[in-house]
Each structure stands twice: as structure tokens, then as C-alpha cells.
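Coordinates as given in target.txt (compact mmCIF, C-alpha atoms and all ligand atoms):
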```
# COMPACT_ATOMS: atom_id res chain seq x y z
CA MET A 1 -117.23 61.43 -51.44
CA SER A 2 -114.78 63.98 -52.82
CA LYS A 3 -112.54 66.39 -50.96
CA ALA A 4 -114.36 69.63 -50.14
CA ILE A 5 -113.29 72.98 -51.53
CA GLN A 6 -114.20 75.87 -49.27
CA HIS A 7 -114.76 78.55 -51.88
CA LEU A 8 -115.23 78.66 -55.63
CA LEU A 9 -113.68 81.94 -56.71
CA SER A 10 -111.79 80.92 -59.83
CA ILE A 11 -111.57 77.99 -62.21
CA LYS A 12 -108.06 77.60 -60.75
CA ASP A 13 -109.66 76.54 -57.41
CA LEU A 14 -110.82 73.29 -59.02
CA SER A 15 -108.53 70.29 -58.90
CA PRO A 16 -108.42 68.41 -62.24
CA ASP A 17 -110.23 65.41 -60.71
CA LEU A 18 -113.09 67.55 -59.41
CA VAL A 19 -114.22 68.74 -62.86
CA PRO A 20 -115.22 65.26 -64.17
CA GLN A 21 -116.93 64.60 -60.84
CA LEU A 22 -118.95 67.79 -61.26
CA PHE A 23 -119.90 66.74 -64.80
CA ALA A 24 -121.01 63.29 -63.63
CA ARG A 25 -123.05 64.70 -60.76
CA THR A 26 -124.65 67.36 -62.97
CA GLU A 27 -125.65 64.63 -65.43
CA LYS A 28 -127.23 62.63 -62.62
CA LEU A 29 -129.04 65.66 -61.17
CA LYS A 30 -130.35 66.52 -64.63
CA ARG A 31 -131.75 62.99 -65.01
CA LEU A 32 -133.46 63.44 -61.64
CA ARG A 33 -134.69 66.90 -62.74
CA GLY A 34 -133.07 68.14 -59.54
CA VAL A 35 -135.63 66.37 -57.37
CA LEU A 36 -133.91 64.86 -54.32
CA SER A 37 -135.13 62.75 -51.46
CA GLN A 38 -135.14 64.32 -48.01
CA HIS A 39 -131.83 62.75 -46.90
CA GLU A 40 -130.08 63.98 -50.07
CA LYS A 41 -130.96 67.59 -49.38
CA ILE A 42 -127.60 68.47 -47.91
CA LEU A 43 -128.37 72.16 -47.35
CA GLU A 44 -131.33 71.50 -45.06
CA GLY A 45 -131.15 74.00 -42.18
CA GLU A 46 -128.64 76.14 -44.09
CA THR A 47 -129.20 79.68 -45.37
CA VAL A 48 -127.77 80.66 -48.74
CA VAL A 49 -127.55 84.38 -49.51
CA THR A 50 -127.30 85.51 -53.11
CA MET A 51 -125.70 88.95 -53.19
CA PHE A 52 -125.91 90.42 -56.66
CA TRP A 53 -124.30 93.83 -56.80
CA GLU A 54 -124.89 93.72 -60.58
CA THR A 55 -127.94 92.72 -62.56
CA SER A 56 -128.63 89.07 -63.34
CA THR A 57 -131.43 86.78 -64.45
CA ARG A 58 -130.11 83.27 -65.22
CA THR A 59 -127.26 83.16 -62.72
CA ARG A 60 -129.16 84.52 -59.72
CA VAL A 61 -132.33 82.52 -60.33
CA SER A 62 -130.47 79.26 -60.98
CA PHE A 63 -128.38 79.67 -57.81
CA SER A 64 -131.55 80.38 -55.80
CA LEU A 65 -133.37 77.40 -57.27
CA ALA A 66 -130.34 75.13 -56.84
CA ALA A 67 -130.00 76.05 -53.16
CA ASN A 68 -133.73 75.55 -52.73
CA ARG A 69 -133.69 72.09 -54.29
CA LEU A 70 -130.94 71.16 -51.84
CA GLY A 71 -133.16 72.17 -48.93
CA ALA A 72 -131.64 75.58 -48.11
CA GLN A 73 -133.49 78.68 -47.15
CA VAL A 74 -132.55 81.34 -49.70
CA VAL A 75 -132.21 85.07 -49.20
CA ASP A 76 -131.76 87.16 -52.35
CA LEU A 77 -130.09 90.45 -51.55
CA ALA A 78 -129.38 93.38 -53.87
CA PRO A 79 -128.00 96.81 -53.02
CA LYS A 80 -131.32 98.40 -53.88
CA GLY A 81 -133.60 98.03 -50.90
CA SER A 82 -130.80 96.94 -48.55
CA SER A 83 -128.79 99.09 -46.11
CA VAL A 84 -126.11 99.44 -48.80
CA GLU A 85 -128.27 102.35 -49.94
CA LYS A 86 -127.61 103.90 -46.52
CA GLY A 87 -123.87 103.50 -46.99
CA GLU A 88 -123.24 100.09 -45.42
CA SER A 89 -120.17 98.35 -46.88
CA LEU A 90 -120.15 94.86 -48.36
CA ASP A 91 -117.94 93.65 -45.49
CA ASP A 92 -120.33 94.97 -42.84
CA THR A 93 -123.30 93.54 -44.73
CA ILE A 94 -121.69 90.08 -44.75
CA ALA A 95 -120.62 90.36 -41.10
CA ASN A 96 -124.23 91.06 -40.12
CA LEU A 97 -125.59 88.23 -42.25
CA ARG A 98 -123.05 85.89 -40.63
CA ALA A 99 -124.27 87.07 -37.23
CA LEU A 100 -127.71 85.97 -38.41
CA GLY A 101 -126.34 82.48 -39.08
CA CYS A 102 -125.87 82.71 -42.86
CA ARG A 103 -122.84 80.75 -44.01
CA MET A 104 -123.08 80.45 -47.78
CA PHE A 105 -122.74 83.50 -50.00
CA VAL A 106 -123.07 83.68 -53.76
CA VAL A 107 -121.58 87.01 -54.76
CA ARG A 108 -121.60 89.02 -58.00
CA HIS A 109 -119.71 92.28 -57.97
CA PRO A 110 -118.65 94.85 -60.59
CA THR A 111 -115.09 95.02 -59.18
CA SER A 112 -112.60 92.39 -60.32
CA GLY A 113 -111.04 90.58 -57.34
CA GLU A 114 -113.72 91.71 -54.87
CA VAL A 115 -114.88 88.17 -54.06
CA ASP A 116 -111.25 87.08 -53.53
CA ARG A 117 -110.82 89.97 -51.12
CA LEU A 118 -113.85 88.81 -49.12
CA LYS A 119 -112.17 85.43 -48.65
CA GLU A 120 -109.64 87.11 -46.36
CA LYS A 121 -112.47 88.57 -44.26
CA VAL A 122 -114.62 85.50 -43.68
CA GLY A 123 -113.49 82.73 -41.40
CA ARG A 124 -113.67 78.97 -41.73
CA GLY A 125 -117.15 77.58 -42.04
CA THR A 126 -118.22 80.35 -44.42
CA TYR A 127 -118.47 79.47 -48.10
CA LEU A 128 -118.10 81.91 -50.99
CA ILE A 129 -119.04 81.39 -54.61
CA ASN A 130 -118.00 83.89 -57.25
CA ALA A 131 -120.99 84.56 -59.50
CA GLY A 132 -118.96 86.97 -61.64
CA ASP A 133 -116.49 89.65 -60.51
CA GLY A 134 -115.93 92.53 -62.90
CA THR A 135 -113.95 91.42 -65.93
CA HIS A 136 -112.13 88.75 -63.96
CA GLU A 137 -113.87 85.36 -63.62
CA HIS A 138 -117.22 83.60 -63.74
CA PRO A 139 -116.27 80.01 -62.87
CA THR A 140 -119.76 78.52 -62.58
CA GLN A 141 -120.66 79.79 -66.06
CA ALA A 142 -117.51 78.17 -67.47
CA LEU A 143 -118.46 74.87 -65.82
CA LEU A 144 -122.01 74.88 -67.16
CA ASP A 145 -120.78 75.90 -70.61
CA ALA A 146 -118.23 73.06 -70.63
CA PHE A 147 -120.92 70.63 -69.42
CA THR A 148 -123.22 71.77 -72.26
CA ILE A 149 -120.44 71.29 -74.82
CA ARG A 150 -119.66 67.84 -73.43
CA GLU A 151 -123.32 66.79 -73.65
CA ARG A 152 -123.24 67.34 -77.41
CA LYS A 153 -119.60 66.73 -78.32
CA LYS A 154 -118.74 63.97 -75.80
CA THR A 155 -115.02 64.86 -75.66
CA PHE A 156 -112.95 68.04 -75.51
CA GLU A 157 -109.80 66.50 -76.97
CA GLY A 158 -109.02 68.32 -80.21
CA LEU A 159 -112.30 70.24 -80.19
CA GLU A 160 -112.06 73.59 -81.98
CA VAL A 161 -113.88 76.29 -80.04
CA ALA A 162 -114.34 79.82 -81.45
CA ILE A 163 -115.19 82.56 -78.93
CA VAL A 164 -116.29 85.77 -80.62
CA GLY A 165 -116.90 89.15 -79.00
CA ASP A 166 -115.69 91.35 -76.18
CA ILE A 167 -112.91 89.04 -75.00
CA VAL A 168 -111.02 91.59 -72.95
CA HIS A 169 -113.97 92.53 -70.71
CA SER A 170 -115.63 89.13 -70.53
CA ARG A 171 -115.30 87.14 -67.31
CA VAL A 172 -117.14 84.34 -69.14
CA ALA A 173 -114.33 84.20 -71.71
CA HIS A 174 -111.61 84.39 -69.04
CA SER A 175 -112.92 81.44 -67.01
CA GLY A 176 -114.02 79.57 -70.13
CA MET A 177 -110.61 79.74 -71.84
CA ILE A 178 -108.83 78.38 -68.75
CA LEU A 179 -111.27 75.50 -68.29
CA LEU A 180 -111.65 74.50 -71.94
CA SER A 181 -107.88 74.60 -72.44
CA GLN A 182 -107.37 72.36 -69.37
CA LEU A 183 -109.91 69.93 -70.78
CA GLY A 184 -108.01 69.62 -74.08
CA ALA A 185 -109.90 71.95 -76.44
CA ARG A 186 -108.22 74.38 -78.84
CA ILE A 187 -109.61 77.88 -78.59
CA ARG A 188 -109.66 80.68 -81.13
CA VAL A 189 -110.74 84.07 -79.85
CA SER A 190 -111.91 86.87 -82.09
CA GLY A 191 -113.36 90.36 -81.78
CA PRO A 192 -112.76 94.01 -82.60
CA SER A 193 -109.14 95.03 -81.88
CA GLU A 194 -110.11 97.13 -78.82
CA MET A 195 -111.79 94.06 -77.35
CA LEU A 196 -108.90 91.67 -77.91
CA PRO A 197 -105.96 91.36 -75.51
CA SER A 198 -102.52 91.65 -77.12
CA GLN A 199 -101.60 88.21 -75.82
CA ILE A 200 -103.21 85.42 -73.83
CA ASP A 201 -101.01 83.22 -71.66
CA ILE A 202 -103.22 80.15 -71.71
CA PRO A 203 -102.10 77.05 -73.65
CA ASN A 204 -103.99 76.30 -76.88
CA VAL A 205 -105.55 79.75 -77.16
CA ASN A 206 -105.00 81.72 -80.38
CA ILE A 207 -106.08 85.25 -81.16
CA ILE A 208 -107.57 85.54 -84.65
CA ARG A 209 -108.69 88.99 -85.72
CA SER A 210 -111.18 87.87 -88.37
CA ALA A 211 -114.32 86.24 -86.98
CA ASP A 212 -114.84 84.43 -90.29
CA THR A 213 -111.39 82.82 -90.02
CA ALA A 214 -111.91 82.00 -86.33
CA ILE A 215 -115.25 80.30 -87.03
CA GLU A 216 -114.04 78.38 -90.12
CA GLY A 217 -114.27 74.65 -89.33
CA ALA A 218 -115.07 75.18 -85.62
CA ASP A 219 -116.99 72.55 -83.61
CA VAL A 220 -118.29 75.08 -81.12
CA VAL A 221 -119.02 78.77 -81.61
CA MET A 222 -119.63 81.00 -78.61
CA ALA A 223 -120.86 84.58 -78.96
CA LEU A 224 -120.34 87.11 -76.17
CA ARG A 225 -122.27 90.23 -75.36
CA LEU A 226 -120.58 93.60 -75.80
CA GLN A 227 -119.83 94.62 -72.21
CA LYS A 228 -120.76 98.26 -72.79
CA GLU A 229 -121.04 98.88 -69.04
CA ARG A 230 -117.37 97.93 -68.61
CA SER A 231 -115.62 99.01 -71.74
CA GLY A 232 -114.83 102.51 -70.45
CA PHE A 233 -114.19 103.66 -74.00
CA ALA A 234 -116.43 104.71 -76.81
CA LEU A 235 -116.69 101.68 -79.08
CA LYS A 236 -115.82 102.86 -82.55
CA LEU A 237 -118.18 100.37 -84.18
CA THR A 238 -121.92 100.87 -84.36
CA ASP A 239 -124.13 97.87 -83.52
CA SER A 240 -124.71 97.29 -87.20
CA ASP A 241 -120.95 97.48 -88.03
CA TYR A 242 -120.32 95.04 -85.21
CA ARG A 243 -122.93 92.64 -86.56
CA SER A 244 -121.51 92.76 -90.06
CA SER A 245 -117.95 91.87 -88.92
CA PHE A 246 -118.48 89.81 -85.74
CA GLY A 247 -122.18 88.98 -85.32
CA LEU A 248 -123.27 85.35 -85.56
CA THR A 249 -125.33 85.59 -88.72
CA PRO A 250 -126.51 82.40 -90.47
CA GLU A 251 -123.88 82.99 -93.20
CA ARG A 252 -121.06 83.27 -90.69
CA VAL A 253 -122.15 80.24 -88.66
CA ALA A 254 -122.30 78.24 -91.92
CA LYS A 255 -118.48 78.50 -92.01
CA ALA A 256 -118.26 76.30 -88.91
CA LYS A 257 -118.60 72.49 -89.14
CA PRO A 258 -122.11 71.44 -90.20
CA ASP A 259 -122.69 69.87 -86.78
CA ALA A 260 -121.25 72.83 -84.86
CA ILE A 261 -123.15 74.05 -81.82
CA VAL A 262 -123.72 77.69 -80.86
CA LEU A 263 -123.48 79.00 -77.31
CA HIS A 264 -124.11 82.37 -75.69
CA PRO A 265 -124.08 82.91 -71.91
CA GLY A 266 -126.92 85.46 -72.17
CA PRO A 267 -128.31 88.01 -72.05
CA ILE A 268 -128.38 88.10 -75.84
CA ASN A 269 -128.72 91.20 -77.96
CA ARG A 270 -130.51 89.95 -81.05
CA GLY A 271 -129.30 91.46 -84.28
CA VAL A 272 -126.03 92.60 -82.67
CA GLU A 273 -123.81 89.71 -81.53
CA ILE A 274 -126.25 87.03 -82.68
CA ASP A 275 -129.15 86.89 -85.16
CA SER A 276 -132.49 85.42 -84.13
CA GLU A 277 -132.21 82.78 -86.85
CA VAL A 278 -129.06 81.46 -85.16
CA ALA A 279 -130.14 82.00 -81.53
CA ASP A 280 -133.41 80.13 -82.11
CA GLY A 281 -132.03 77.74 -84.73
CA PRO A 282 -131.22 74.02 -84.54
CA GLN A 283 -127.53 74.54 -83.73
CA SER A 284 -128.24 76.77 -80.73
CA VAL A 285 -127.80 75.31 -77.23
CA ILE A 286 -128.40 78.65 -75.50
CA LEU A 287 -131.48 77.56 -73.52
CA ARG A 288 -129.77 74.28 -72.72
CA GLN A 289 -126.97 76.32 -71.10
CA ALA A 290 -129.57 78.06 -68.92
CA GLU A 291 -131.20 74.71 -68.05
CA ASN A 292 -127.87 73.06 -67.21
CA GLY A 293 -126.96 76.00 -64.98
CA LEU A 294 -129.43 74.83 -62.36
CA PHE A 295 -128.02 71.28 -62.13
CA MET A 296 -124.38 72.38 -62.30
CA ARG A 297 -124.98 74.86 -59.48
CA MET A 298 -126.59 72.15 -57.35
CA ALA A 299 -123.48 70.02 -57.94
CA ILE A 300 -121.25 72.97 -57.01
CA PHE A 301 -123.04 73.50 -53.69
CA GLU A 302 -122.57 69.79 -52.97
CA ALA A 303 -118.86 70.01 -53.83
CA LEU A 304 -118.41 72.93 -51.43
CA ARG A 305 -119.92 70.80 -48.68
CA GLY A 306 -117.79 67.78 -49.61
CA GLU A 307 -120.98 65.86 -50.39
CA LEU A 308 -120.64 65.47 -54.15
CA GLY A 309 -122.63 62.34 -54.91
C1 LIG B 401 -122.70 86.92 -68.19
C2 LIG B 401 -122.13 87.73 -67.06
O1 LIG B 401 -122.85 88.30 -66.25
O2 LIG B 401 -120.92 87.75 -66.98
N1 LIG B 401 -123.99 86.49 -68.03
C3 LIG B 401 -124.29 85.39 -67.27
O3 LIG B 401 -123.86 85.25 -66.16
N2 LIG B 401 -125.08 84.47 -67.84
C4 LIG B 401 -122.45 87.52 -69.52
C5 LIG B 401 -122.87 88.94 -69.80
O4 LIG B 401 -123.38 89.66 -68.96
O5 LIG B 401 -122.68 89.34 -70.95
```
Go ahead and render the structure in this file as C-alpha cells.
Amino acid sequence: MSKAIQHLLSIKDLSPDLVPQLFARTEKLKRLRGVLSQHEKILEGETVVTMFWETSTRTRVSFSLAANRLGAQVVDLAPKGSSVEKGESLDDTIANLRALGCRMFVVRHPTSGEVDRLKEKVGRGTYLINAGDGTHEHPTQALLDAFTIRERKKTFEGLEVAIVGDIVHSRVAHSGMILLSQLGARIRVSGPSEMLPSQIDIPNVNIIRSADTAIEGADVVMALRLQKERSGFALKLTDSDYRSSFGLTPERVAKAKPDAIVLHPGPINRGVEIDSEVADGPQSVILRQAENGLFMRMAIFEALRGELG
């Protein structure tokens, strides 16, 4: 049994020994197809609330299913249809749900740092998982992405990973760079200049303006969606300009190693950041990422309860 972590808000919350344990447990849960015997359902009697203050398909559904498989009762809450529409704050919403006996909250919020702020409000015995906060972090996505890479590439040591797209607004990129760098991969990030930070203070991360150069010889290529809802500026490029310089077209992906794999956290915009031929092609592990999300999130719930098998 591993040491429990109370919240998962950032990749930085994970001790280095916990990550391989999460990988091993996810692998086991995947073999079991997430089907557990009654005594293994460690969330029996527990209520998990998913609070998505931003849209989601994969993340919300996989958290709900994961909690369900572990025996929890799941409540999916969104601002629409809740008292948030009447002006109730997030803090008051959580306080009332806690009064109803809910102790585990999976939160997605458009404001960076909002889930961290909640940590100060909730007491011991309440568990928070960050399911994506603004442009800041999305730790569970980074874990399932790393797990998916490991399934195919076995080791991270010396692996060349190209991440192409809206780096500056992507919480997937922010958590992913930290985790993959810790695991020993070398990361090249690329995108239009207004979507690239001027510097990144994470070891083994290089900014490469040209997507073709970034992808050249890579073992792993990850495309990111243009975060139009966050950019706050008029993107100078049209979708078709973006595709021609940064989109994962078959020609561009052919510059990577022949056995390179292609990831995308979803939702994908076909013909913009990725072509259908690539998204549905033999190198794509996009649906595998979605599949692995369920088992990784089961493992994460177990880790929060200190019951990682
Ligand atoms: C991502 C997100 O919400 O940050 N999606 C996801 O969780 N699978 C990526 C995105 O929205 O582009």
C-alpha cells in the first residue's frame, strides 16, 4: 500500500515513486477491464461529484465511470441546471455538497489556480482532483498520456517527444512537459509564435519554431487543439494556414521516425491540427488515450485513498 496523497492538483503533487505505481496499477486495471470484486471497490458508500465548469466529454465520462467501477455513487454537476445559475458561488456549492456527505470532488474550471484555491477552503477528509484549470494544469491527462506512450515505447529515457500547437494556452502541454521531462524524455515544442512561450523553465524542453524541424526524427508526436476560447487575441492564421504550417498531415508525420506514435488529447478538429488520415491511421493512439483514461483515473482514485493495489 502506498502513501496517500490528499489532492491531485498538479503533476508536482506526485512523488517520483508514485508515478510508476500508478502505471503498474493502470496496467493491471486495464487487464481486468476495470472489473473489480466487491471487496476491491474501495469507494463503496462514497459519493464522487464531478463539477465541470467547462465542457468535457472524455474527461468527465471517464472520471464518472472510474468512480462507478470503484463502487462510488456519482453525481455529475454543471453550472447549467444547478443553483450556480441563480448566483451561487463555487465555494457555497461545495460547502452544501459536503453537508450532503460528498467528500470527493473532480473539478474543471476555466480559471487557472481555482482548484488550488479550493484546497484552502476544504478541510481534511475532502479530496480534490484537478480535471483541468484554465491554462494551468491537467495532471490526469498527463498521466494517461504518459501511460499510453509507455505502453508503446516501453521507456521514456532518451525518447524524443514533439508537442505541436497552442503551447501557451494548453494545460495538457503544461502538465505533460513536467511529467515527461521527469520521466527522462526530451521534449520539443512547436507552434505559431503567439502560441509559444518565450522560454520554458523545465529541463529537456526546447522551443522549435518550425513544426517540421520539431517532428523530424521524433518518437512521439502530440498535436494540441487551438484553444480559441482562451487565446484572448485574434489568431492571425486562418485554419487552413495553421494546417499548412503546423497541422499533422501525413507528409509532416512522415518526418518522424517510421514507428512514431501520434497522440492528441481530444477533442480533435479534423483538417486543422490533425488530418483524418493521421488521426485514424496506424500510428494514431488517440482512442487508446481515451480508453486508458478510464483505468488511469481508477488508479488515481485509489491513490487518493491510499489503497493503490
Ligand atoms: C483537453 C482539455 O480540456 O484541456 N481535453 C481533454 O481533457 N481531453 C484539451 C482541449 O480541450 O483541447
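The space separating CA of Val115 (chain A) from CA of Asp91 (chain A) comes to 10.6 Å.
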**Fill in**
Between A:Ala260, A:Leu237, A:Val278, A:Met104, smallest distance to Gln6 (chain A) by all atoms listed in the file belongs to A:Met104
With all atoms listed in the file counted and 7 Å as the cut-off, give the residues of chain A in contact with ligand LIG 401 (chain B), each with its shortest interatomic distance in Å and the pair that gives it, as a tab-separated table.
```
residue	atom	partner	partner_atom	distance
A:Ser56	CA	B:LIG401	O1	6.5
A:Arg58	CA	B:LIG401	N2	5.8
A:Thr59	CA	B:LIG401	O3	5.3
A:Gly132	CA	B:LIG401	O2	5.7
A:His138	CA	B:LIG401	O2	6.4
A:Gln141	CA	B:LIG401	O3	6.3
A:Ser170	CA	B:LIG401	O2	6.5
A:Arg171	CA	B:LIG401	O2	5.7
A:Val172	CA	B:LIG401	O2	5.5
A:Leu224	CA	B:LIG401	O5	6.1
A:Arg225	CA	B:LIG401	O5	4.5
A:Leu226	CA	B:LIG401	O5	6.8
A:Gln227	CA	B:LIG401	O5	6.1
A:Pro265	CA	B:LIG401	N2	4.5
A:Gly266	CA	B:LIG401	N2	4.8
A:Pro267	CA	B:LIG401	O5	5.9
```
**Request:** Compile the contact shell of Ser181 (chain A) as a ChimeraX atom specification: residues with an atom at most 10 Å away, counting only C-alpha atoms, same-chain residues fewer than 2 positions apart removed.
**Result:** /A:156-157,159,161,176-179,183-187,202-205
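With distances taken over all atoms listed in the file, A:Thr47 is the one residue among A:Thr47, A:Ser37, A:Thr55, A:Gln199 lying closest to Val75 (chain A).
Between His109 (chain A) and the candidates A:Thr155, A:Asp145, A:Leu29, A:Met51, the tightest atom-to-atom separation, counting only C-alpha atoms, involves A:Met51.
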**Asked** Near Thr148 (chain A), counting only C-alpha atoms, which residues have an atom at most 9 Å away, once you skip same-chain residues fewer than 4 positions from it, shown as number ranges by chain?
**Response** A: 143-144, 152-153, 263, 285, 288-289, 292
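With CA of Val262 (chain A) on one side and CA of Glu291 (chain A) on the other, the separation reads 15.1 Å.
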**Prompt:** Pick from A:Val168, A:Leu97, A:Leu304, A:Cys102: nearest to Gln73 (chain A), with only C-alpha atoms counted?
**Reply:** A:Cys102
**Request:** Please identify all polymer residues within 6 Å of Val106 (chain A), counting all atoms listed in the file, omitting same-chain residues fewer than 4 positions from it, and present them as a list in words.
**Result:** Thr50, Met51, Leu128 and Ile129 of chain A
Filtering to C-alpha atoms, could you give me those residues as an mmCIF file, in the frame of the given file?
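So the final result, stored in selection_30.cif, reads:
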```
data_model
loop_
_atom_site.group_PDB
_atom_site.id
_atom_site.type_symbol
_atom_site.label_atom_id
_atom_site.label_comp_id
_atom_site.auth_asym_id
_atom_site.auth_seq_id
_atom_site.Cartn_x
_atom_site.Cartn_y
_atom_site.Cartn_z
ATOM 1 C CA THR A 50 -127.300 85.510 -53.110
ATOM 2 C CA MET A 51 -125.700 88.950 -53.190
ATOM 3 C CA LEU A 128 -118.100 81.910 -50.990
ATOM 4 C CA ILE A 129 -119.040 81.390 -54.610
#
```
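Considering all atoms listed in the file, the residue among A:Ile261, A:Leu248, A:Ala72, A:Ala256 positioned nearest to Thr213 (chain A) is A:Ala256.
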